[in-house]
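Student: Just one file: data.txt, with compact mmCIF, C-alpha atoms and all ligand atoms.
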```txt
# COMPACT_ATOMS: atom_id res chain seq x y z
CA MET A 30 114.45 87.86 -13.96
CA GLN A 31 116.00 90.80 -15.79
CA GLU A 32 115.22 94.38 -14.92
CA ALA A 33 113.27 95.11 -18.13
CA GLN A 34 110.98 92.21 -17.28
CA GLN A 35 110.27 93.71 -13.88
CA GLN A 36 108.68 96.84 -15.36
CA LYS A 37 106.12 94.91 -17.39
CA PRO A 38 102.56 94.14 -16.27
CA VAL A 39 102.29 90.77 -14.57
CA ILE A 40 100.57 87.69 -15.96
CA PHE A 41 99.77 84.66 -13.87
CA SER A 42 98.24 81.39 -14.95
CA GLY A 43 98.17 77.80 -13.75
CA ILE A 44 97.37 74.25 -14.68
CA GLN A 45 96.79 71.18 -12.55
CA PRO A 46 99.65 68.75 -13.06
CA THR A 47 97.55 65.58 -13.01
CA GLY A 48 97.70 63.31 -16.03
CA VAL A 49 99.16 64.54 -19.30
CA PRO A 50 97.84 67.94 -20.45
CA HIS A 51 95.52 67.70 -23.45
CA LEU A 52 94.85 69.60 -26.61
CA GLY A 53 92.23 71.75 -24.84
CA ASN A 54 94.83 72.88 -22.29
CA TYR A 55 97.23 73.63 -25.12
CA ILE A 56 94.80 75.58 -27.29
CA GLY A 57 92.85 77.26 -24.48
CA ALA A 58 95.86 78.17 -22.36
CA TRP A 59 99.44 77.15 -23.11
CA ARG A 60 99.57 78.44 -26.65
CA ASN A 61 98.57 81.86 -25.38
CA TRP A 62 100.94 81.71 -22.44
CA LYS A 63 103.73 81.46 -24.96
CA LEU A 64 102.44 84.37 -27.05
CA LEU A 65 102.46 86.67 -24.01
CA GLU A 66 105.97 85.88 -22.84
CA ASP A 67 107.68 88.84 -24.53
CA ASP A 68 105.27 91.59 -23.56
CA TYR A 69 104.56 90.70 -19.94
CA ARG A 70 106.29 89.51 -16.83
CA CYS A 71 104.85 86.00 -16.79
CA LEU A 72 104.46 83.50 -13.98
CA TYR A 73 103.22 80.06 -14.98
CA CYS A 74 102.50 77.57 -12.27
CA LEU A 75 101.80 73.87 -11.89
CA VAL A 76 99.09 74.03 -9.25
CA ASP A 77 99.73 70.76 -7.46
CA LEU A 78 97.92 71.86 -4.27
CA HIS A 79 94.75 72.34 -6.29
CA SER A 80 95.02 68.75 -7.53
CA LEU A 81 94.70 67.40 -3.99
CA THR A 82 90.97 68.12 -3.90
CA ILE A 83 90.68 64.79 -5.69
CA ARG A 84 92.55 61.76 -4.30
CA GLN A 85 95.87 61.34 -6.07
CA ASP A 86 98.28 58.45 -6.12
CA PRO A 87 101.44 60.03 -4.57
CA ALA A 88 103.97 58.41 -6.95
CA GLU A 89 101.79 59.21 -9.95
CA LEU A 90 101.37 62.84 -8.85
CA ARG A 91 105.15 63.25 -8.55
CA ARG A 92 105.62 61.70 -11.98
CA SER A 93 102.96 63.74 -13.70
CA THR A 94 104.20 66.98 -12.11
CA MET A 95 107.68 66.33 -13.47
CA GLN A 96 106.18 65.46 -16.87
CA ALA A 97 104.04 68.59 -16.92
CA TYR A 98 107.08 70.70 -16.11
CA ALA A 99 109.03 69.16 -18.99
CA LEU A 100 106.03 69.79 -21.23
CA LEU A 101 105.90 73.47 -20.24
CA LEU A 102 109.44 73.76 -21.57
CA ALA A 103 108.72 71.52 -24.55
CA VAL A 104 105.90 73.76 -25.80
CA GLY A 105 108.44 76.55 -25.86
CA LEU A 106 108.00 78.46 -22.62
CA ASP A 107 111.31 80.03 -21.75
CA PRO A 108 112.56 79.94 -18.13
CA THR A 109 114.80 82.93 -18.81
CA LYS A 110 111.73 85.01 -19.66
CA SER A 111 109.03 83.54 -17.41
CA LEU A 112 108.94 82.11 -13.92
CA LEU A 113 107.91 78.47 -14.32
CA PHE A 114 107.30 76.84 -10.97
CA VAL A 115 105.36 74.44 -8.80
CA GLN A 116 102.73 75.87 -6.45
CA SER A 117 103.66 73.84 -3.36
CA HIS A 118 107.24 75.13 -3.61
CA VAL A 119 105.99 78.62 -2.71
CA PRO A 120 104.24 78.37 0.68
CA ALA A 121 102.82 81.90 0.37
CA HIS A 122 100.00 80.52 -1.86
CA ALA A 123 98.57 78.51 1.02
CA GLU A 124 99.18 81.35 3.49
CA LEU A 125 97.33 83.98 1.46
CA ALA A 126 94.57 81.47 0.72
CA TRP A 127 93.79 81.24 4.44
CA ILE A 128 93.55 85.01 4.77
CA LEU A 129 91.36 85.33 1.68
CA SER A 130 89.07 82.55 2.88
CA CYS A 131 88.12 84.92 5.70
CA TYR A 132 86.99 87.42 3.06
CA THR A 133 85.02 85.00 0.87
CA TYR A 134 81.41 84.04 1.52
CA MET A 135 80.02 80.52 1.64
CA GLY A 136 77.24 81.66 -0.70
CA GLU A 137 79.76 82.76 -3.33
CA LEU A 138 81.60 79.46 -3.19
CA SER A 139 78.35 77.47 -3.37
CA ARG A 140 77.58 79.06 -6.73
CA MET A 141 80.77 77.86 -8.39
CA VAL A 142 79.96 75.61 -11.34
CA GLN A 143 83.21 73.66 -11.00
CA PHE A 144 82.37 72.84 -7.38
CA LYS A 145 78.92 71.62 -8.38
CA GLU A 146 80.29 69.54 -11.27
CA LYS A 147 83.16 68.02 -9.32
CA SER A 148 81.07 67.22 -6.28
CA ALA A 149 78.55 65.48 -8.53
CA LYS A 150 81.36 63.48 -10.15
CA HIS A 151 83.11 62.59 -6.87
CA ASP A 152 80.20 62.35 -4.47
CA GLU A 153 82.17 60.01 -2.20
CA ASN A 154 84.71 62.77 -1.47
CA ILE A 155 83.14 66.22 -1.28
CA ASN A 156 85.89 67.71 0.84
CA ALA A 157 86.32 71.25 2.16
CA GLY A 158 89.25 71.79 -0.22
CA LEU A 159 86.97 71.25 -3.20
CA PHE A 160 84.71 73.96 -1.79
CA THR A 161 87.47 76.48 -1.04
CA TYR A 162 89.42 75.69 -4.22
CA PRO A 163 88.58 79.09 -5.83
CA VAL A 164 90.04 80.89 -2.80
CA LEU A 165 93.40 79.22 -3.37
CA GLN A 166 93.09 80.19 -7.02
CA ALA A 167 92.43 83.80 -6.02
CA ALA A 168 95.53 83.67 -3.79
CA ASP A 169 97.63 82.36 -6.72
CA ILE A 170 96.68 85.35 -8.80
CA LEU A 171 96.57 88.15 -6.23
CA LEU A 172 99.87 87.15 -4.64
CA TYR A 173 101.70 88.35 -7.76
CA GLN A 174 99.59 91.45 -8.44
CA ALA A 175 98.69 89.91 -11.79
CA ALA A 176 96.94 92.24 -14.22
CA LEU A 177 96.01 89.53 -16.71
CA VAL A 178 95.16 85.85 -16.43
CA PRO A 179 95.12 83.85 -19.68
CA VAL A 180 92.70 80.91 -19.31
CA GLY A 181 90.11 78.85 -21.13
CA ALA A 182 86.41 79.77 -20.85
CA ASP A 183 85.78 77.34 -17.97
CA GLN A 184 87.83 79.51 -15.57
CA LYS A 185 85.83 82.70 -16.10
CA GLN A 186 83.70 82.27 -12.99
CA HIS A 187 86.73 81.69 -10.76
CA LEU A 188 88.30 84.84 -12.16
CA GLU A 189 85.17 86.84 -11.41
CA LEU A 190 85.26 85.60 -7.82
CA THR A 191 88.93 86.57 -7.58
CA ARG A 192 88.07 90.10 -8.65
CA ASP A 193 85.19 90.30 -6.16
CA VAL A 194 87.38 89.14 -3.26
CA ALA A 195 90.18 91.52 -4.25
CA GLU A 196 87.78 94.45 -4.53
CA ARG A 197 86.25 93.61 -1.16
CA PHE A 198 89.67 93.50 0.45
CA ASN A 199 90.81 96.72 -1.22
CA LYS A 200 87.67 98.49 -0.07
CA VAL A 201 88.60 97.84 3.55
CA TYR A 202 92.39 98.22 3.42
CA GLY A 203 93.17 100.46 0.42
CA ASP A 204 94.78 99.43 -2.85
CA VAL A 205 96.48 96.24 -1.77
CA PHE A 206 95.70 94.05 -4.79
CA VAL A 207 95.74 94.70 -8.51
CA ILE A 208 92.32 93.72 -9.88
CA PRO A 209 93.01 91.09 -12.54
CA GLU A 210 91.37 90.74 -15.94
CA HIS A 211 90.95 87.38 -17.61
CA ARG A 212 92.05 86.79 -21.17
CA ILE A 213 90.07 84.12 -22.98
CA PRO A 214 90.96 83.30 -26.61
CA LYS A 215 88.36 84.14 -29.28
CA VAL A 216 88.70 80.75 -30.94
CA GLY A 217 89.48 77.59 -28.96
CA ALA A 218 88.46 78.82 -25.50
CA ARG A 219 86.47 75.63 -25.02
CA ILE A 220 87.73 72.62 -26.94
CA MET A 221 85.15 69.88 -26.73
CA SER A 222 85.32 66.15 -26.06
CA LEU A 223 85.85 64.09 -29.22
CA SER A 224 83.10 61.62 -28.28
CA ASP A 225 80.64 64.09 -26.80
CA PRO A 226 81.11 67.49 -28.42
CA THR A 227 78.57 69.06 -26.07
CA SER A 228 80.93 68.74 -23.09
CA LYS A 229 84.43 70.15 -22.75
CA MET A 230 87.55 68.09 -23.38
CA SER A 231 88.72 66.91 -19.96
CA LYS A 232 91.45 64.56 -18.81
CA SER A 233 89.19 63.04 -16.17
CA ASP A 234 87.10 61.53 -19.01
CA PRO A 235 87.98 58.31 -20.86
CA GLU A 236 91.12 58.36 -23.02
CA GLU A 237 89.45 58.29 -26.42
CA THR A 238 87.60 61.55 -25.67
CA TYR A 239 90.73 63.72 -25.62
CA ILE A 240 94.11 64.09 -27.32
CA SER A 241 96.98 64.14 -24.88
CA LEU A 242 100.00 66.23 -25.81
CA LEU A 243 101.99 62.99 -25.78
CA ASP A 244 99.69 61.01 -28.10
CA ARG A 245 101.72 59.77 -31.07
CA PRO A 246 100.57 60.32 -34.70
CA ASP A 247 98.79 56.98 -35.13
CA VAL A 248 96.79 57.52 -31.93
CA ILE A 249 95.92 61.09 -32.95
CA ARG A 250 94.71 59.93 -36.39
CA ARG A 251 92.63 57.15 -34.83
CA LYS A 252 91.02 59.38 -32.20
CA ILE A 253 90.14 62.15 -34.66
CA LYS A 254 88.84 59.66 -37.20
CA ARG A 255 86.41 58.40 -34.56
CA ALA A 256 85.39 61.89 -33.40
CA VAL A 257 81.63 62.31 -33.26
CA THR A 258 80.23 64.65 -35.95
CA ASP A 259 76.67 64.58 -37.36
CA SER A 260 74.80 63.00 -40.24
CA GLU A 261 74.36 66.16 -42.32
CA GLY A 262 77.62 65.91 -44.27
CA GLU A 263 78.13 69.65 -44.74
CA ILE A 264 81.22 71.36 -43.35
CA ARG A 265 80.14 74.60 -41.69
CA TYR A 266 80.68 76.30 -38.33
CA ASP A 267 77.58 76.11 -36.14
CA GLU A 268 78.35 75.41 -32.49
CA GLU A 269 74.78 74.78 -31.53
CA ASN A 270 73.64 72.45 -34.30
CA LYS A 271 76.98 71.02 -35.38
CA PRO A 272 79.16 70.93 -32.23
CA GLY A 273 81.42 68.10 -33.44
CA VAL A 274 82.23 69.69 -36.82
CA SER A 275 82.62 73.12 -35.20
CA ASN A 276 85.05 71.69 -32.65
CA LEU A 277 87.23 70.19 -35.39
CA LEU A 278 87.10 73.45 -37.32
CA SER A 279 88.22 75.41 -34.23
CA ILE A 280 91.15 73.05 -33.68
CA LEU A 281 92.13 73.24 -37.35
CA ALA A 282 91.85 77.04 -37.46
CA VAL A 283 93.89 77.70 -34.32
CA LEU A 284 96.64 75.23 -35.16
CA THR A 285 97.05 76.37 -38.76
CA GLY A 286 96.75 80.06 -37.90
CA ARG A 287 93.89 80.54 -40.35
CA SER A 288 90.39 81.86 -39.81
CA ILE A 289 87.50 79.42 -39.52
CA GLU A 290 86.07 80.79 -42.79
CA ALA A 291 89.36 80.10 -44.59
CA CYS A 292 89.33 76.53 -43.26
CA VAL A 293 85.73 76.01 -44.40
CA ASP A 294 86.59 77.41 -47.85
CA SER A 295 89.62 75.18 -48.21
CA LEU A 296 87.42 72.13 -47.62
CA ALA A 297 84.57 73.21 -49.90
CA GLY A 298 82.81 70.29 -51.58
CA GLN A 299 84.60 67.71 -49.41
CA GLY A 300 83.27 65.43 -46.68
CA TYR A 301 83.99 64.99 -42.98
CA GLY A 302 86.79 62.53 -43.83
CA ALA A 303 88.78 65.40 -45.35
CA LEU A 304 88.06 67.67 -42.37
CA LYS A 305 89.25 64.96 -40.00
CA GLU A 306 92.36 64.27 -42.02
CA ALA A 307 93.29 67.97 -42.18
CA THR A 308 92.66 68.37 -38.45
CA ALA A 309 94.71 65.30 -37.55
CA GLU A 310 97.61 66.54 -39.69
CA ALA A 311 97.48 69.98 -38.04
CA VAL A 312 97.55 68.37 -34.59
CA ILE A 313 100.43 66.07 -35.54
CA THR A 314 102.42 68.93 -37.06
CA THR A 315 101.95 70.92 -33.85
CA LEU A 316 102.68 68.13 -31.40
CA SER A 317 105.55 66.28 -33.10
CA PRO A 318 108.20 68.91 -32.28
CA VAL A 319 106.78 69.29 -28.76
CA GLN A 320 107.10 65.54 -28.24
CA ALA A 321 110.65 65.48 -29.58
CA GLN A 322 111.61 68.22 -27.11
CA PHE A 323 109.80 66.45 -24.30
CA ASP A 324 111.55 63.14 -24.96
CA ALA A 325 114.91 64.88 -24.57
CA LEU A 326 113.99 67.06 -21.57
CA ILE A 327 112.46 64.29 -19.47
CA GLN A 328 115.80 62.42 -19.50
CA ASP A 329 117.43 65.10 -17.36
CA LYS A 330 115.38 65.28 -14.16
CA GLU A 331 118.13 67.05 -12.26
CA ARG A 332 118.04 69.95 -14.69
CA LEU A 333 114.25 70.07 -14.51
CA MET A 334 114.40 70.21 -10.72
CA GLN A 335 116.99 72.93 -10.87
CA LEU A 336 114.85 75.06 -13.19
CA MET A 337 111.82 74.39 -11.00
CA ASP A 338 113.76 75.56 -8.00
CA GLU A 339 114.95 78.73 -9.70
CA GLY A 340 111.37 79.47 -10.77
CA ALA A 341 110.10 78.95 -7.23
CA GLN A 342 112.77 81.20 -5.74
CA GLY A 343 111.89 84.02 -8.12
CA ALA A 344 108.18 83.59 -7.45
CA ALA A 345 108.70 83.40 -3.68
CA ARG A 346 110.50 86.75 -3.69
CA LEU A 347 107.54 88.44 -5.39
CA ALA A 348 104.98 86.62 -3.26
CA ALA A 349 106.70 87.64 -0.02
CA ARG A 350 106.17 91.32 -0.85
CA THR A 351 102.42 90.99 -1.25
CA LEU A 352 102.05 88.71 1.75
CA ALA A 353 103.99 91.10 3.99
CA LYS A 354 101.77 93.96 2.82
CA VAL A 355 98.61 91.95 3.51
CA TYR A 356 99.79 90.82 6.96
CA LYS A 357 100.59 94.39 7.90
CA LYS A 358 97.27 95.76 6.63
CA ILE A 359 95.17 93.27 8.54
CA GLY A 360 97.06 93.76 11.78
CA LEU A 361 99.28 90.72 12.15
CA LEU A 362 102.27 91.54 14.30
CA PRO A 363 105.51 91.45 12.28
CA ARG A 364 108.25 89.03 13.30
CA GLY A 365 111.15 90.68 15.14
P1 LIG B 401 92.98 73.20 -15.55
O1 LIG B 401 94.18 72.51 -15.00
O2 LIG B 401 91.70 72.44 -15.58
O3 LIG B 401 93.26 73.73 -17.01
C1 LIG B 401 94.40 74.50 -17.34
C2 LIG B 401 94.03 75.52 -18.40
O4 LIG B 401 93.49 74.87 -19.55
C3 LIG B 401 92.22 75.43 -19.88
N1 LIG B 401 91.35 74.35 -20.39
C4 LIG B 401 90.74 74.38 -21.57
N2 LIG B 401 90.72 75.31 -22.55
C5 LIG B 401 90.00 75.03 -23.66
N3 LIG B 401 89.29 73.88 -23.82
C6 LIG B 401 89.26 72.93 -22.86
N4 LIG B 401 88.57 71.81 -23.03
C7 LIG B 401 90.02 73.17 -21.66
N5 LIG B 401 90.22 72.45 -20.53
C8 LIG B 401 91.03 73.20 -19.76
C9 LIG B 401 91.68 75.98 -18.56
O5 LIG B 401 90.72 76.97 -18.78
C10 LIG B 401 92.95 76.51 -17.93
O6 LIG B 401 93.24 77.79 -18.42
N6 LIG B 401 91.60 76.07 -11.71
C11 LIG B 401 92.50 75.97 -12.84
C12 LIG B 401 93.97 76.04 -12.49
C13 LIG B 401 94.37 77.26 -11.72
C14 LIG B 401 94.54 78.57 -12.26
C15 LIG B 401 94.97 79.36 -11.16
C16 LIG B 401 94.36 79.11 -13.53
C17 LIG B 401 94.67 77.32 -10.41
N7 LIG B 401 95.04 78.56 -10.06
C18 LIG B 401 95.22 80.72 -11.33
C19 LIG B 401 94.62 80.49 -13.69
C20 LIG B 401 95.04 81.27 -12.60
C21 LIG B 401 92.28 74.63 -13.51
O7 LIG B 401 91.83 73.70 -12.90
O8 LIG B 401 92.76 74.58 -14.79
```
The structure in this file should be written as structure tokens.

Tutor:
Amino acid sequence: MQEAQQQKPVIFSGIQPTGVPHLGNYIGAWRNWKLLEDDYRCLYCLVDLHSLTIRQDPAELRRSTMQAYALLLAVGLDPTKSLLFVQSHVPAHAELAWILSCYTYMGELSRMVQFKEKSAKHDENINAGLFTYPVLQAADILLYQAALVPVGADQKQHLELTRDVAERFNKVYGDVFVIPEHRIPKVGARIMSLSDPTSKMSKSDPEETYISLLDRPDVIRRKIKRAVTDSEGEIRYDEENKPGVSNLLSILAVLTGRSIEACVDSLAGQGYGALKEATAEAVITTLSPVQAQFDALIQDKERLMQLMDEGAQGAARLAARTLAKVYKKIGLLPRG
């Protein structure tokens, strides 16, 4: 990373590399990751260790991690500007997570909505990792002294916990950690499922409920055509009473760079068919170049692994500084 980059405030964010990322991940997170690349020193991470809280098929996890890495590049993230890496390649994440787990209360972790939701969904495997997941997330962020964390709305609670743990630690040992702020987009922070617009778009739900970044145009048109709306017939933004229409309007607005009002105006007097068509075209226009890039990048696995390795080396250097500071503060004896 060049010297100018090193003076900038740090950004960290992550995504689980299971399955193909979806339109919610793109709009809620990745799009903004890209926008921040020039003004901050960015670290973007495929958090494979986090994915292990749910049983993964090993071959599939390897494949989807490689795919997600190619997609990071395909959406335009630039490895000469940002550190793009895989969490398990930097052991300091797991090391700091252990330390922080000794500064996090069971009560705090029990209140986490994601823990409650995931343990309800996977009641046959409520493992300790699922419970301590937010501690590893706090370690991801604090390890790099990140000032800002761009995420979708669903990560707000984990970010608040991260701040609480960091503040608690700093209170005892002095200013060890930067206290991070979250950055949640104004529009598109919570893209909803196409078949149930009252719940968020999620790749653990059936395929027709989300648009994967690798869905081809015919699939995108079909899925959006079938998206649940309402029987009123009027195009207007009203999250509470018209969640399906509002979701499509948010997608359309973000991807065309217009305001929601401008989108509503442009569709005045037309029906939901027109809204769906416009939305599908905006999604296709956004994803087609990404897919073309991806198709080329995924051919060259060696290059992907090399970039991954360079990203991990850069991240590991930064992480080592914080970890050494933490070890010293808490009284661990340094190695000779
Ligand atoms: P994950 O992998 O579920 O999602 C990655 C990012 O995508 C956002 N997102 C959405 N945004 C809008 N609408 C949706 N339907 C939607 N679904 C997901 C998420 O908010 C997130 O920004 N715990 C995190 C990963 C993580 C992390 C971190 C994030 C681990 N360590 C440190 C930030 C900083 C997660 O499971 O995200």

Student: Could you list, as a VMD selection string, all the residues within 9 Å of ligand LIG 401 (chain B), counting only C-alpha atoms and all ligand atoms?

Tutor: chain A and resid 41 to 47 50 to 59 73 to 80 116 143 162 to 163 165 to 170 178 to 185 187 to 188 211 213 to 214 217 to 222 228 to 232 239

Student: Counting only C-alpha atoms, which residue out of A:Leu243, A:Leu223, A:Leu129, A:Met141 sits closest to Phe323 in chain A?

Tutor: A:Leu243

Student: Please give the centre and size of the box around range 207-225 of chain A (axis-aligned, containing every atom listed in the file, 6 Å added per side), with values in Å to one decimal and written as lines of an AutoDock Vina configuration file.

Tutor:
```
center_x = 88.2
center_y = 78.2
center_z = -19.7
size_x = 27.1
size_y = 45.1
size_z = 34.4
```

Student: If we count all atoms listed in the file and set the cut-off at 12 Å, which residues sit around Leu316 in chain A, ignoring sequence neighbours fewer than 2 positions away in its own chain? Please answer as number ranges by chain.

Tutor: A: 50-52, 55-56, 60, 100, 103-105, 240-246, 249, 284, 309-314, 318-323

Student: For the atom pair CA of Ser148 in chain A and CA of Trp62 in chain A, what is the interatomic distance in Å to one decimal place?

Tutor: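 Separating CA of Ser148 in chain A from CA of Trp62 in chain A is a distance of 29.4 Å.
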
Student: Which neighbours of Asn270 in chain A fall inside 12 Å, counting only C-alpha atoms, when residues of the same chain fewer than 4 positions from it are skipped, and could you give them as a list in words?

Tutor: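 Contacts, with the query itself left out: Pro226, Thr227, Thr258, Asp259, Ser260, Glu261, Glu263, Ile264, Arg265, Tyr266, Val274, Ser275 and Asn276 of chain A.
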
Student: In Å to one decimal, how far is CA of Arg251 in chain A from CA of Ser224 in chain A?

Tutor: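 CA of Ser224 in chain A sits 12.4 Å away from CA of Arg251 in chain A.
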
Student: Within 7 Å of Gln174 in chain A, counting only C-alpha atoms, which residues show up once you throw out same-chain ones fewer than 6 positions away? Write them as a PyMOL selection string, please.

Tutor: chain A and resi 39+206-207

Student: Which range 93-171 of chain A residues have any atom within 9 Å of an atom of range 328-334 of chain A, and for each, what is the nearest pair of atoms with distance in Å to one decimal, counting only C-alpha atoms, rows sorted by chain and number, as CSV?

Tutor:
```
residue,atom,partner,partner_atom,distance
A:Met95,CA,A:Leu333,CA,7.6
A:Tyr98,CA,A:Leu333,CA,7.4
A:Ala99,CA,A:Leu333,CA,6.9
```

Student: Taking into account all atoms listed in the file, which residue in the set A:Val201, A:Leu172, A:Leu102, A:Ile83 is nearest to Leu159 in chain A?

Tutor: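 Among A:Val201, A:Leu172, A:Leu102, A:Ile83, it is A:Ile83 that comes nearest to Leu159 in chain A.
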
Student: Can you tell me, as a PyMOL selection string, what residues are no more than 12 Å from Ile359 in chain A when counting all atoms listed in the file, ignoring any on the same chain fewer than 3 positions away?

Tutor: chain A and resi 125+128-129+131-132+198-199+201-203+205+352-356+362-363

Student: Record the distance separating CA of Leu336 in chain A and CA of Glu89 in chain A, expressed in Å with one decimal.

Tutor: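 Going from CA of Leu336 in chain A over to CA of Glu89 in chain A, I get 20.8 Å.
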
Student: When you count all atoms listed in the file, which of these residues is closest to Thr351 in chain A: A:Arg84, A:Lys271, A:Arg287, A:His122?

Tutor: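 Nearest to Thr351 in chain A: A:His122.
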
Student: Which is closer to Asp107 in chain A than all the others in A:Leu277, A:Ala256, A:Ala341, A:Cys71, using only C-alpha atoms?

Tutor: A:Cys71
